[in-house]
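Novice: Handing you this structure, nothing more for now.
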Amino acid sequence: MEWGALTAACAALIAGVLTWTQSRASNRRADFIAIMDRMDRELQTEREQRRLLMSFLLELLRWARTVELNSQADPPPDPPAELDLAPWLRP
């Protein structure tokens with residue numbers, strides 16, 4: 001083989017490896033952005049559920065303070081419609 005062909009093949013190999021690593025880096029960056037967007041949405045949903053749960057808990061505690069052991073009181077308050085109680089319900 002002549003040195004010119006060998007040099008050209010090595011240069012092409014190096015260029016191919018660099019292109020491949022750059023495309024992998026872009027894919028990882030895109031995957032990272034997609035994962036972070038999903039986590040942001042899930043965190044926002046979880047924060048909203050926590051806020052609803054805490055407001056319902058405070059309302060329930062306020063109701064419980066008005067109830068004595070043998071007194072007739074209003075029924076307990078209903079949870080907000082947006083509150084997802086599935087994690088706390090028994091199967």
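Starting from 1 in every chain, residues are counted up; chains themselves are A, B, ... following the order of the structure tokens, and ligands are numbered from 1 as listed.
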List every residue of chain A that DSSP, applied to the backbone of this structure, assigns to alpha helix (DSSP H), and report them as a PDB file with C-alpha atoms, in the first residue's frame.
Specialist:
ATOM      1  CA  TRP A   3       1.349   5.999   2.231  1.00  0.00           C
ATOM      2  CA  GLY A   4      -1.115   8.412   0.617  1.00  0.00           C
ATOM      3  CA  ALA A   5      -3.906   5.830   0.545  1.00  0.00           C
ATOM      4  CA  LEU A   6      -3.141   4.768   4.109  1.00  0.00           C
ATOM      5  CA  THR A   7      -3.184   8.390   5.304  1.00  0.00           C
ATOM      6  CA  ALA A   8      -6.485   9.055   3.519  1.00  0.00           C
ATOM      7  CA  ALA A   9      -8.031   5.918   5.054  1.00  0.00           C
ATOM      8  CA  CYS A  10      -6.899   6.959   8.544  1.00  0.00           C
ATOM      9  CA  ALA A  11      -8.237  10.476   8.043  1.00  0.00           C
ATOM     10  CA  ALA A  12     -11.570   9.076   6.872  1.00  0.00           C
ATOM     11  CA  LEU A  13     -11.673   6.741   9.860  1.00  0.00           C
ATOM     12  CA  ILE A  14     -10.938   9.585  12.291  1.00  0.00           C
ATOM     13  CA  ALA A  15     -13.573  11.794  10.623  1.00  0.00           C
ATOM     14  CA  GLY A  16     -16.105   8.954  10.837  1.00  0.00           C
ATOM     15  CA  VAL A  17     -15.404   8.374  14.533  1.00  0.00           C
ATOM     16  CA  LEU A  18     -15.685  12.093  15.291  1.00  0.00           C
ATOM     17  CA  THR A  19     -18.977  12.340  13.390  1.00  0.00           C
ATOM     18  CA  TRP A  20     -20.331   9.293  15.203  1.00  0.00           C
ATOM     19  CA  THR A  21     -19.404  10.674  18.634  1.00  0.00           C
ATOM     20  CA  GLN A  22     -20.970  14.039  17.782  1.00  0.00           C
ATOM     21  CA  SER A  23     -24.219  12.401  16.672  1.00  0.00           C
ATOM     22  CA  ARG A  24     -24.263  10.303  19.877  1.00  0.00           C
ATOM     23  CA  ALA A  25     -23.725  13.469  21.917  1.00  0.00           C
ATOM     24  CA  SER A  26     -26.635  15.183  20.147  1.00  0.00           C
ATOM     25  CA  ASN A  27     -28.850  12.165  20.726  1.00  0.00           C
ATOM     26  CA  ARG A  28     -27.925  12.125  24.399  1.00  0.00           C
ATOM     27  CA  ARG A  29     -28.620  15.849  24.623  1.00  0.00           C
ATOM     28  CA  ALA A  30     -32.014  15.386  22.974  1.00  0.00           C
ATOM     29  CA  ASP A  31     -32.796  12.451  25.263  1.00  0.00           C
ATOM     30  CA  PHE A  32     -31.770  14.505  28.286  1.00  0.00           C
ATOM     31  CA  ILE A  33     -34.026  17.378  27.247  1.00  0.00           C
ATOM     32  CA  ALA A  34     -36.951  14.990  26.686  1.00  0.00           C
ATOM     33  CA  ILE A  35     -36.389  13.342  30.073  1.00  0.00           C
ATOM     34  CA  MET A  36     -36.142  16.713  31.838  1.00  0.00           C
ATOM     35  CA  ASP A  37     -39.343  17.947  30.163  1.00  0.00           C
ATOM     36  CA  ARG A  38     -41.158  14.803  31.305  1.00  0.00           C
ATOM     37  CA  MET A  39     -39.814  15.161  34.843  1.00  0.00           C
ATOM     38  CA  ASP A  40     -40.881  18.819  34.927  1.00  0.00           C
ATOM     39  CA  ARG A  41     -44.422  17.872  33.921  1.00  0.00           C
ATOM     40  CA  GLU A  42     -44.575  15.056  36.470  1.00  0.00           C
ATOM     41  CA  LEU A  43     -43.198  17.314  39.208  1.00  0.00           C
ATOM     42  CA  GLN A  44     -45.769  19.989  38.413  1.00  0.00           C
ATOM     43  CA  THR A  45     -48.550  17.385  38.614  1.00  0.00           C
ATOM     44  CA  GLU A  46     -47.198  16.055  41.899  1.00  0.00           C
ATOM     45  CA  ARG A  47     -46.987  19.561  43.367  1.00  0.00           C
ATOM     46  CA  GLU A  48     -50.584  20.232  42.376  1.00  0.00           C
ATOM     47  CA  GLN A  49     -51.712  16.945  43.957  1.00  0.00           C
ATOM     48  CA  ARG A  50     -49.808  17.737  47.157  1.00  0.00           C
ATOM     49  CA  ARG A  51     -51.386  21.190  47.311  1.00  0.00           C
ATOM     50  CA  LEU A  52     -54.863  19.689  46.882  1.00  0.00           C
ATOM     51  CA  LEU A  53     -54.149  16.976  49.440  1.00  0.00           C
ATOM     52  CA  MET A  54     -52.901  19.484  52.017  1.00  0.00           C
ATOM     53  CA  SER A  55     -55.891  21.766  51.510  1.00  0.00           C
ATOM     54  CA  PHE A  56     -58.243  18.795  51.947  1.00  0.00           C
ATOM     55  CA  LEU A  57     -56.352  17.639  55.031  1.00  0.00           C
ATOM     56  CA  LEU A  58     -56.569  21.084  56.605  1.00  0.00           C
ATOM     57  CA  GLU A  59     -60.272  21.262  55.823  1.00  0.00           C
ATOM     58  CA  LEU A  60     -60.762  17.809  57.341  1.00  0.00           C
ATOM     59  CA  LEU A  61     -58.836  18.825  60.476  1.00  0.00           C
ATOM     60  CA  ARG A  62     -60.941  21.992  60.814  1.00  0.00           C
ATOM     61  CA  TRP A  63     -64.047  19.817  60.570  1.00  0.00           C
ATOM     62  CA  ALA A  64     -62.648  17.362  63.142  1.00  0.00           C
ATOM     63  CA  ARG A  65     -62.092  20.170  65.676  1.00  0.00           C
ATOM     64  CA  THR A  66     -65.784  21.017  65.573  1.00  0.00           C
TER      65      THR A  66
END
